[in-house]
>>> print(open('structure.txt').read())   # compact mmCIF, C-alpha atoms
# COMPACT_ATOMS: atom_id res chain seq x y z
CA MET L 24 0.00 0.00 0.00
CA SER L 25 1.47 3.31 -1.07
CA PRO L 26 1.53 6.15 1.46
CA SER L 27 -1.03 8.88 1.13
CA THR L 28 0.09 12.18 -0.34
CA ALA L 29 -2.92 14.25 0.76
CA THR L 30 -2.00 17.52 2.45
CA GLY L 31 -3.09 17.58 6.06
CA SER L 32 -5.88 19.80 7.27
CA ALA L 33 -7.08 21.31 10.52
CA GLU L 34 -10.68 22.56 10.59
CA LEU L 35 -12.33 24.07 13.62
CA ASP L 36 -16.10 23.53 13.82
CA ALA L 37 -17.00 26.43 16.10
CA GLY L 38 -20.77 25.76 15.68
CA ALA L 39 -20.62 22.36 17.29
CA ARG L 40 -21.23 21.93 21.01
CA PRO L 41 -18.52 21.73 22.23
CA PRO L 42 -16.32 23.23 19.44
CA THR L 43 -14.43 20.48 17.58
CA LEU L 44 -11.06 20.59 15.82
CA ARG L 45 -10.76 17.93 13.13
CA ILE L 46 -7.23 16.88 12.17
CA ALA L 47 -6.99 14.94 8.91
CA GLY L 48 -4.62 14.04 6.06
CA ASP L 49 -0.82 13.79 6.11
CA TRP L 50 1.06 15.81 8.74
CA THR L 51 4.50 15.29 7.37
CA LEU L 52 7.57 17.32 6.41
CA ALA L 53 6.53 17.33 2.73
CA HIS L 54 3.50 19.48 3.61
CA TYR L 55 5.09 21.48 6.41
CA ALA L 56 4.72 24.91 4.74
CA ASP L 57 0.99 24.45 4.02
CA LEU L 58 0.34 22.99 7.45
CA GLU L 59 2.19 25.84 9.17
CA ARG L 60 -0.01 28.39 7.38
CA ARG L 61 -3.12 26.49 8.49
CA VAL L 62 -1.93 26.39 12.09
CA ASP L 63 -1.14 30.11 12.02
CA ALA L 64 -4.58 30.83 10.54
CA LEU L 65 -6.34 29.02 13.39
CA GLY L 66 -4.44 31.04 15.95
CA SER L 67 -3.68 29.95 19.48
CA PRO L 68 -4.54 29.13 22.08
CA LEU L 69 -7.71 27.23 21.18
CA PRO L 70 -10.64 27.31 23.60
CA GLU L 71 -10.10 24.96 26.54
CA ASN L 72 -13.29 23.02 25.89
CA THR L 73 -12.36 22.30 22.26
CA GLU L 74 -12.59 18.65 21.34
CA VAL L 75 -9.87 17.27 19.11
CA ASP L 76 -10.69 14.59 16.54
CA LEU L 77 -7.57 12.75 15.29
CA THR L 78 -9.40 9.89 13.56
CA GLY L 79 -8.78 11.39 10.09
CA LEU L 80 -5.01 11.62 10.57
CA SER L 81 -3.22 9.60 7.86
CA GLU L 82 0.58 10.05 8.10
CA LEU L 83 2.56 11.69 10.90
CA ASP L 84 6.20 12.45 11.44
CA THR L 85 8.17 14.65 13.86
CA ALA L 86 7.62 17.79 11.74
CA GLY L 87 3.84 17.31 11.82
CA ALA L 88 3.91 16.37 15.52
CA SER L 89 5.78 19.57 16.33
CA LEU L 90 3.06 21.58 14.59
CA LEU L 91 0.38 19.77 16.62
CA VAL L 92 2.33 20.63 19.79
CA ARG L 93 2.50 24.23 18.67
CA MET L 94 -1.25 24.32 18.04
CA LEU L 95 -2.49 22.34 21.04
CA GLY L 96 0.26 22.65 23.60
CA THR L 97 2.30 19.87 25.21
CA ASP L 98 -0.12 19.08 28.03
CA ARG L 99 -3.17 18.78 25.81
CA LEU L 100 -1.29 16.69 23.25
CA ALA L 101 0.00 14.39 25.99
CA ASP L 102 -3.58 13.83 27.17
CA LEU L 103 -4.67 13.00 23.62
CA ALA L 104 -1.74 10.63 23.18
CA ARG L 105 -2.58 8.83 26.41
CA ALA L 106 -6.26 8.61 25.48
CA GLY L 107 -5.29 7.33 22.02
CA ASP L 108 -8.74 7.62 20.46
CA GLY L 109 -8.34 6.17 16.96
CA LEU L 110 -4.53 6.44 17.03
CA PRO L 111 -2.16 3.51 16.48
CA PRO L 112 0.40 2.92 19.31
CA ALA L 113 3.33 4.13 17.14
CA ARG L 114 1.74 7.57 16.60
CA ARG L 115 0.79 7.89 20.26
CA ALA L 116 4.40 7.18 21.17
CA LEU L 117 5.60 9.72 18.60
CA LEU L 118 3.26 12.43 19.96
CA GLU L 119 4.37 11.76 23.53
CA THR L 120 8.05 11.80 22.60
CA VAL L 121 7.83 15.02 20.58
CA GLY L 122 5.70 16.65 23.30
CA LYS L 123 8.20 15.77 26.04
CA ALA L 124 11.14 16.91 23.92
CA LEU L 125 9.59 20.27 23.10
CA ASP L 126 8.43 20.72 26.70
CA ALA L 127 11.98 20.16 27.98
CA TYR L 128 13.53 22.36 25.30
CA GLN L 129 15.03 25.61 26.52
CA ARG L 130 16.10 28.28 24.13
CA PRO L 131 19.85 28.80 24.50
CA LYS L 132 20.81 32.00 26.19
CA VAL L 133 22.28 34.61 23.90
CA ALA L 134 25.76 35.46 25.05
CA ARG L 135 26.06 39.05 26.16
CA ARG L 136 28.27 40.96 23.78
CA PRO L 137 31.15 42.66 25.57
CA PRO L 138 31.76 46.40 25.10
CA ALA L 139 33.51 47.46 21.90
CA ILE L 140 36.62 48.61 23.75
CA MET L 141 36.98 45.16 25.34
CA GLU L 142 36.71 43.51 21.92
CA VAL L 143 39.40 45.82 20.53
CA LEU L 144 41.68 45.11 23.50
CA ALA L 145 41.03 41.38 23.16
CA ARG L 146 41.98 41.44 19.48
CA ILE L 147 45.13 43.44 20.23
CA GLY L 148 46.08 40.99 22.96
CA LYS L 149 45.44 38.03 20.68
CA ALA L 150 47.56 39.59 17.95
CA MET L 151 50.40 40.32 20.39
CA GLU L 152 50.27 36.76 21.68
CA GLY L 153 50.53 35.52 18.09
CA VAL L 154 53.53 37.77 17.45
CA TRP L 155 55.20 36.57 20.66
CA ARG L 156 54.71 32.90 19.74
CA GLN L 157 55.99 33.63 16.24
CA GLN L 158 59.15 35.23 17.60
CA LEU L 159 59.73 32.28 19.94
CA GLN L 160 59.44 29.92 16.98
CA LEU L 161 61.87 32.08 15.00
CA LEU L 162 64.41 32.12 17.84
CA GLY L 163 64.15 28.37 18.21
CA PHE L 164 64.64 27.84 14.47
CA ILE L 165 67.63 30.21 14.45
CA GLY L 166 69.20 28.15 17.22
CA LEU L 167 68.51 24.91 15.35
CA THR L 168 70.03 26.33 12.14
CA LEU L 169 73.16 27.59 13.92
CA GLU L 170 73.59 24.26 15.70
CA THR L 171 73.28 22.34 12.41
CA LEU L 172 75.60 24.79 10.68
CA THR L 173 78.24 24.38 13.41
CA ARG L 174 78.05 20.59 13.19
CA GLY L 175 78.28 20.71 9.40
CA LEU L 176 81.41 22.87 9.40
CA LEU L 177 83.33 20.06 11.05
CA ARG L 178 82.22 17.49 8.46
CA PRO L 179 83.07 18.75 4.96
CA ARG L 180 81.90 15.49 3.38
CA ARG L 181 78.32 16.42 4.25
CA TRP L 182 78.44 19.83 2.56
CA ARG L 183 75.88 20.16 -0.25
CA ILE L 184 78.11 21.94 -2.76
CA THR L 185 75.85 21.36 -5.78
CA SER L 186 72.79 22.66 -3.98
CA LEU L 187 74.78 25.61 -2.62
CA VAL L 188 76.03 26.65 -6.06
CA SER L 189 72.53 26.32 -7.51
CA HIS L 190 71.06 28.56 -4.81
CA VAL L 191 73.87 31.11 -5.18
CA GLU L 192 72.97 31.33 -8.86
CA GLN L 193 69.25 31.72 -8.10
CA THR L 194 69.57 34.19 -5.23
CA GLY L 195 72.61 36.14 -6.41
CA LEU L 196 73.39 35.95 -10.09
CA ASP L 197 69.77 36.01 -11.25
CA ALA L 198 69.08 39.07 -9.07
CA VAL L 199 71.91 41.20 -10.47
CA PRO L 200 69.86 42.99 -13.19
CA ILE L 201 66.99 44.03 -10.92
CA VAL L 202 69.29 45.14 -8.08
CA ALA L 203 71.54 47.14 -10.38
CA LEU L 204 68.69 48.81 -12.25
CA LEU L 205 66.70 49.69 -9.13
CA THR L 206 69.64 51.14 -7.18
CA PHE L 207 70.88 53.07 -10.24
CA MET L 208 67.45 54.73 -10.55
CA VAL L 209 67.22 55.44 -6.82
CA GLY L 210 70.70 56.94 -6.90
CA ALA L 211 69.63 59.23 -9.73
CA VAL L 212 66.48 60.27 -7.84
CA VAL L 213 68.42 60.98 -4.63
CA ALA L 214 70.93 63.07 -6.57
CA PHE L 215 68.24 65.03 -8.35
CA LEU L 216 66.25 65.76 -5.18
CA GLY L 217 69.38 66.52 -3.17
CA SER L 218 70.72 68.95 -5.75
CA THR L 219 67.35 70.70 -5.92
CA VAL L 220 67.26 71.27 -2.14
CA LEU L 221 70.98 72.14 -1.80
CA ALA L 222 70.74 74.64 -4.66
CA ASP L 223 68.70 76.93 -2.37
CA PHE L 224 71.75 77.17 -0.08
CA GLY L 225 74.33 77.32 -2.87
CA ALA L 226 75.73 73.99 -1.74
CA THR L 227 75.06 71.71 -4.72
CA ILE L 228 78.63 70.48 -4.51
CA TYR L 229 77.60 68.48 -1.42
CA THR L 230 75.27 66.38 -3.56
CA VAL L 231 78.20 64.01 -3.98
CA ASP L 232 78.51 63.59 -0.22
CA LEU L 233 74.77 63.07 0.11
CA ILE L 234 74.75 60.28 -2.46
CA ALA L 235 77.85 58.64 -1.02
CA PHE L 236 76.66 58.69 2.59
CA SER L 237 73.16 57.48 1.76
CA PHE L 238 74.23 54.58 -0.47
CA LEU L 239 77.28 53.41 1.43
CA ARG L 240 75.65 53.43 4.87
CA GLU L 241 71.96 52.77 4.21
CA PHE L 242 70.39 52.57 0.77
CA GLY L 243 72.76 50.06 -0.76
CA VAL L 244 72.23 47.35 1.84
CA LEU L 245 68.65 48.28 2.74
CA LEU L 246 67.28 48.28 -0.83
CA THR L 247 69.08 45.05 -1.60
CA ALA L 248 67.79 43.37 1.55
CA ILE L 249 64.21 44.44 0.84
CA LEU L 250 64.49 43.11 -2.71
CA MET L 251 65.84 39.82 -1.38
CA ALA L 252 63.04 39.67 1.20
CA GLY L 253 60.45 39.97 -1.54
CA ARG L 254 62.20 37.80 -4.08
CA THR L 255 64.19 35.16 -2.21
CA ALA L 256 62.33 34.68 1.08
CA SER L 257 59.10 34.06 -0.81
CA ALA L 258 60.88 31.60 -3.12
CA PHE L 259 62.32 29.69 -0.14
CA THR L 260 58.89 29.49 1.49
CA ALA L 261 57.17 28.35 -1.71
CA GLN L 262 59.83 25.70 -2.43
CA ILE L 263 59.89 24.18 1.05
CA GLY L 264 56.13 24.64 1.49
CA SER L 265 55.42 22.72 -1.72
CA MET L 266 57.69 19.92 -0.51
CA LYS L 267 55.85 19.89 2.81
CA ALA L 268 52.47 19.76 1.04
CA ASN L 269 53.65 16.85 -1.12
CA GLU L 270 54.99 15.03 1.96
CA GLU L 271 58.50 15.08 0.51
CA ILE L 272 59.92 16.36 3.82
CA ASP L 273 58.33 13.40 5.62
CA ALA L 274 60.03 11.16 3.07
CA ILE L 275 63.38 12.87 3.79
CA ARG L 276 62.96 12.18 7.51
CA ALA L 277 61.91 8.58 6.76
CA LEU L 278 65.21 8.12 4.90
CA GLY L 279 67.11 9.21 8.00
CA LEU L 280 68.18 12.59 6.56
CA ASP L 281 67.99 15.94 8.31
CA PRO L 282 65.70 18.44 6.48
CA VAL L 283 67.50 21.39 8.08
CA GLU L 284 70.86 20.18 6.83
CA LEU L 285 69.50 19.23 3.43
CA LEU L 286 67.15 22.15 2.70
CA VAL L 287 67.92 25.05 5.05
CA LEU L 288 71.71 25.22 5.22
CA PRO L 289 72.36 25.49 1.43
CA ARG L 290 69.82 28.32 1.21
CA VAL L 291 71.17 30.18 4.25
CA VAL L 292 74.80 29.91 3.13
CA ALA L 293 73.87 30.87 -0.44
CA LEU L 294 72.20 34.06 0.74
CA LEU L 295 75.14 34.78 3.09
CA VAL L 296 77.33 34.73 -0.01
CA SER L 297 74.97 36.54 -2.37
CA LEU L 298 73.63 39.43 -0.30
CA PRO L 299 77.00 41.10 0.52
CA LEU L 300 78.01 40.85 -3.15
CA LEU L 301 74.69 42.28 -4.26
CA THR L 302 75.03 45.03 -1.65
CA PHE L 303 78.40 46.01 -3.10
CA LEU L 304 76.86 46.03 -6.56
CA ALA L 305 73.98 48.20 -5.29
CA MET L 306 76.40 50.71 -3.81
CA ILE L 307 78.29 50.99 -7.11
CA ALA L 308 75.07 51.26 -9.13
CA GLY L 309 73.62 53.91 -6.80
CA LEU L 310 76.80 55.98 -6.98
CA ALA L 311 76.77 55.61 -10.77
CA GLY L 312 73.18 56.86 -10.94
CA GLY L 313 74.07 59.85 -8.80
CA ALA L 314 77.19 60.55 -10.86
CA VAL L 315 75.15 60.58 -14.07
CA VAL L 316 72.71 63.14 -12.65
CA CYS L 317 75.58 65.25 -11.30
CA ALA L 318 77.23 65.23 -14.72
CA LEU L 319 74.02 66.11 -16.57
CA THR L 320 72.52 68.73 -14.23
CA LEU L 321 75.34 70.07 -12.00
CA ASP L 322 78.30 70.05 -14.39
CA ILE L 323 80.18 67.78 -11.98
CA SER L 324 82.23 65.53 -14.20
CA PRO L 325 82.79 61.85 -13.24
CA THR L 326 86.44 62.71 -12.52
CA MET L 327 85.47 65.52 -10.18
CA PHE L 328 82.81 63.25 -8.66
CA MET L 329 85.45 60.62 -7.83
CA THR L 330 87.85 63.25 -6.50
CA LEU L 331 85.25 64.64 -4.09
CA PHE L 332 84.19 61.11 -3.19
CA LYS L 333 87.74 60.06 -2.24
CA ALA L 334 88.41 63.30 -0.37
CA ASP L 335 85.27 63.40 1.78
CA ILE L 336 84.11 59.83 2.27
CA GLY L 337 85.97 57.46 4.54
CA VAL L 338 86.09 53.72 4.09
CA ARG L 339 84.32 53.21 7.41
CA HIS L 340 81.00 54.21 5.83
CA PHE L 341 81.41 51.40 3.30
CA LEU L 342 82.26 48.94 6.10
CA VAL L 343 79.31 50.07 8.21
CA GLY L 344 76.90 49.44 5.34
CA LEU L 345 78.45 46.15 4.33
CA SER L 346 78.55 44.82 7.90
CA LYS L 347 74.75 44.69 7.99
CA ALA L 348 74.45 42.52 4.89
CA PRO L 349 75.29 39.11 6.50
CA VAL L 350 72.83 39.77 9.34
CA PHE L 351 70.05 40.63 6.91
CA ALA L 352 70.92 37.62 4.73
CA PHE L 353 70.75 35.18 7.64
CA LEU L 354 67.44 36.51 8.95
CA ILE L 355 65.80 36.61 5.52
CA ALA L 356 66.84 33.05 4.72
CA VAL L 357 65.81 31.68 8.12
CA ILE L 358 62.40 33.36 8.02
CA GLY L 359 61.75 32.12 4.48
CA CYS L 360 62.68 28.53 5.38
CA LEU L 361 60.74 28.56 8.69
CA GLU L 362 57.55 29.73 6.99
CA GLY L 363 57.97 26.94 4.46
CA PHE L 364 58.07 24.36 7.25
CA LYS L 365 54.85 25.85 8.72
CA VAL L 366 52.81 25.03 5.59
CA SER L 367 49.96 22.72 6.54
CA GLY L 368 49.49 20.91 3.23
CA SER L 369 47.28 23.00 0.93
CA ALA L 370 47.92 25.51 -1.83
CA GLN L 371 46.16 28.18 0.23
CA SER L 372 48.51 27.55 3.14
CA VAL L 373 51.51 27.89 0.80
CA GLY L 374 50.23 31.28 -0.37
CA GLU L 375 49.51 32.51 3.16
CA HIS L 376 52.94 31.58 4.49
CA THR L 377 54.67 32.99 1.41
CA THR L 378 53.01 36.34 2.09
CA SER L 379 53.86 36.07 5.78
CA SER L 380 57.54 35.39 5.04
CA VAL L 381 57.80 38.52 2.87
CA VAL L 382 56.10 40.72 5.46
CA GLN L 383 58.17 39.35 8.34
CA SER L 384 61.43 39.63 6.41
CA ILE L 385 60.86 43.25 5.41
CA PHE L 386 59.75 44.15 8.94
CA VAL L 387 62.80 42.52 10.53
CA VAL L 388 65.16 44.12 8.01
CA ILE L 389 63.82 47.61 8.65
CA LEU L 390 63.79 47.06 12.43
CA ILE L 391 67.37 45.79 12.52
CA ASP L 392 68.50 48.60 10.22
CA ALA L 393 66.95 51.22 12.51
CA LEU L 394 68.59 49.69 15.58
CA ALA L 395 71.92 49.47 13.77
CA ALA L 396 71.69 53.12 12.70
CA LEU L 397 71.16 54.17 16.32
CA PHE L 398 74.01 51.95 17.48
CA PHE L 399 76.48 53.26 14.89
CA MET L 400 75.43 56.85 15.59
CA GLU L 401 75.97 56.43 19.33
CA MET L 402 79.33 54.77 18.72
CA GLY L 403 80.40 57.63 16.42
CA TRP L 404 81.10 55.29 13.51
>>> encode(input="structure.txt", output="structure tokens")
Amino acid sequence: MSPSTATGSAELDAGARPPTLRIAGDWTLAHYADLERRVDALGSPLPENTEVDLTGLSELDTAGASLLVRMLGTDRLADLARAGDGLPPARRALLETVGKALDAYQRPKVARRPPAIMEVLARIGKAMEGVWRQQLQLLGFIGLTLETLTRGLLRPRRWRITSLVSHVEQTGLDAVPIVALLTFMVGAVVAFLGSTVLADFGATIYTVDLIAFSFLREFGVLLTAILMAGRTASAFTAQIGSMKANEEIDAIRALGLDPVELLVLPRVVALLVSLPLLTFLAMIAGLAGGAVVCALTLDISPTMFMTLFKADIGVRHFLVGLSKAPVFAFLIAVIGCLEGFKVSGSAQSVGEHTTSSVVQSIFVVILIDALAALFFMEMGW
């Protein structure tokens, strides 16, 4: 026998004595919308002396039972279920169960929203906690890298020369055009702006000193480090993160190899070699850009430029700028590799940690450069 598909009905015969509510048809989820409109049209509560006739009820499920509870109330429905006039035992049990469940149901309390200032403070605290944990992880990874590097120095047979040369080519040689072009253009801009300002004081000759000081002490190493943070740190994170997502790092550990020794050390050493060389190139390119502007706009020939440069600029400014390059190189490489190891296994995670490595690297480079500038200034170097 196929189940009935007739929509349920609820008709109130107000003329009868006593008033009678006749429930008929299917009270199931398939007809819930129509039944809900009928229940709303009858309104509630019904008169207390209303008789309820359930003999015409065909099909019933929990959705229909909940509507009957809503229309009649849990106590009245429980009485009808216990009386069971014309109802099979299964439907009486269903009505009793749904009635008890809805009677015991308590609407969950809505959590009180804290004041806006507390939410802002909570978010700031959460962010600071995240930064603190991130810095602890970075310090731990720096220690692990230095410990592995120290052990590797005593065992030359374990050096990864091929990988090191490959990474020197990728991080250093391939970056030469962009570093040289960018620093040449910045050197030209600094010279042009400096000569414009110094012309008001009749001191355009000091444009040479301005270019030399700025590129030897700051711009040469800082611009190069920022370029490496955007170019190399992201590449390290993407490479190691992809290996982590493809479970290649797990395979390396399963073979008894050390991922830090195999993946991190060649990249760190490669950047320690490349960044100072690129910094030197950036200094030369920046000075060349400034010399071109001086020759074209200030009638300072390249020979005169070099004469003033040698007379006014000491070698200590070059050493101060170059001394920061290995520190920046180590931090950029370590941050890029650490973020690669944090990848959880999806392409989205690779992208998120690649972005994070670039942001962290640039932030650390600028922070260390500011601290170094204060230190060198206080030391009179």
>>> axis_aligned_box(input="structure.txt", around="range 277-288 of chain L", padding_each_side="5 Å", output="lines of an AutoDock Vina configuration file")
center_x = 66.8
center_y = 16.7
center_z = 5.5
size_x = 19.8
size_y = 27.1
size_z = 15.6
>>> residues_near_point(input="structure.txt", point="(54.3, 25.8, -0.6)", cutoff="10 Å", atoms="all atoms listed in the file", output="ChimeraX atom specification")
/L:257-269,362-377
>>> residues_around(input="structure.txt", residues="range 378-391 of chain L", least_positions_apart="4", cutoff="9 Å", atoms="all atoms listed in the file", output="ChimeraX atom specification")
/L:245,248-257,260,347,350-351,354-356,358-363,373-374,395-396
>>> residues_around(input="structure.txt", residues="Ala113 in chain L", least_positions_apart="5", cutoff="12 Å", atoms="only C-alpha atoms", output="list of chain:residue names")
L:Glu82, L:Leu83, L:Asp84, L:Ala104, L:Arg105, L:Gly107, L:Leu118, L:Glu119, L:Thr120
>>> closest_residue(input="structure.txt", among="L:Val292, L:Leu300, L:Leu100, L:Leu394", to="Asp126 in chain L", atoms="only C-alpha atoms")
L:Leu100
>>> atom_distance(input="structure.txt", atom1="CA of Arg61 in chain L", atom2="CA of Thr43 in chain L")
15.7 Å
>>> closest_residue(input="structure.txt", among="L:Thr230, L:Gln193, L:Ser81, L:Thr73", to="Asp49 in chain L", atoms="all atoms listed in the file")
L:Ser81
>>> closest_residue(input="structure.txt", among="L:Ala293, L:Leu331, L:Leu205, L:Lys132", to="Tyr229 in chain L", atoms="all atoms listed in the file")
L:Leu331
>>> closest_residue(input="structure.txt", among="L:Ser189, L:Ser346, L:Thr85, L:Ser324", to="Glu241 in chain L", atoms="only C-alpha atoms")
L:Ser346
>>> residues_around(input="structure.txt", residues="Gly163 in chain L", least_positions_apart="6", cutoff="12 Å", atoms="only C-alpha atoms", output="PDB file with C-alpha atoms, in the frame of the given file")
ATOM      1  CA  ARG L 156      54.710  32.900  19.740  1.00  0.00           C
ATOM      2  CA  GLN L 157      55.990  33.630  16.240  1.00  0.00           C
ATOM      3  CA  LEU L 169      73.160  27.590  13.920  1.00  0.00           C
ATOM      4  CA  GLU L 170      73.590  24.260  15.700  1.00  0.00           C
ATOM      5  CA  VAL L 357      65.810  31.680   8.120  1.00  0.00           C
ATOM      6  CA  ILE L 358      62.400  33.360   8.020  1.00  0.00           C
ATOM      7  CA  LEU L 361      60.740  28.560   8.690  1.00  0.00           C
TER       8      LEU L 361
END
>>> closest_residue(input="structure.txt", among="L:Val62, L:Val154, L:Val291, L:Ile228", to="Asp322 in chain L", atoms="all atoms listed in the file")
L:Ile228
>>> closest_residue(input="structure.txt", among="L:Lys123, L:Arg290, L:Arg40, L:Arg93", to="Leu58 in chain L", atoms="all atoms listed in the file")
L:Arg93
>>> residues_around(input="structure.txt", residues="Val212 in chain L", least_positions_apart="5", cutoff="9 Å", atoms="all atoms listed in the file", output="MDAnalysis selection string")
chainID L and resid 207 217 312:313 316
>>> write_last_selection(input="structure.txt", atoms="C-alpha atoms", output="mmCIF file, keeping the file's coordinate frame")
data_model
loop_
_atom_site.group_PDB
_atom_site.id
_atom_site.type_symbol
_atom_site.label_atom_id
_atom_site.label_comp_id
_atom_site.auth_asym_id
_atom_site.auth_seq_id
_atom_site.Cartn_x
_atom_site.Cartn_y
_atom_site.Cartn_z
ATOM 1 C CA PHE L 207 70.880 53.070 -10.240
ATOM 2 C CA GLY L 217 69.380 66.520 -3.170
ATOM 3 C CA GLY L 312 73.180 56.860 -10.940
ATOM 4 C CA GLY L 313 74.070 59.850 -8.800
ATOM 5 C CA VAL L 316 72.710 63.140 -12.650
#
>>> residues_around(input="structure.txt", residues="Ala308 in chain L", least_positions_apart="6", cutoff="9 Å", atoms="all atoms listed in the file", output="list of chain:residue names")
L:Val202, L:Ala203, L:Leu204, L:Leu205, L:Thr206, L:Phe207, L:Met208, L:Gly210, L:Gly243
>>> atom_distance(input="structure.txt", atom1="CA of Phe242 in chain L", atom2="CA of Met306 in chain L")
7.8 Å
>>> atom_distance(input="structure.txt", atom1="CA of Gly175 in chain L", atom2="CA of Leu278 in chain L")
18.7 Å
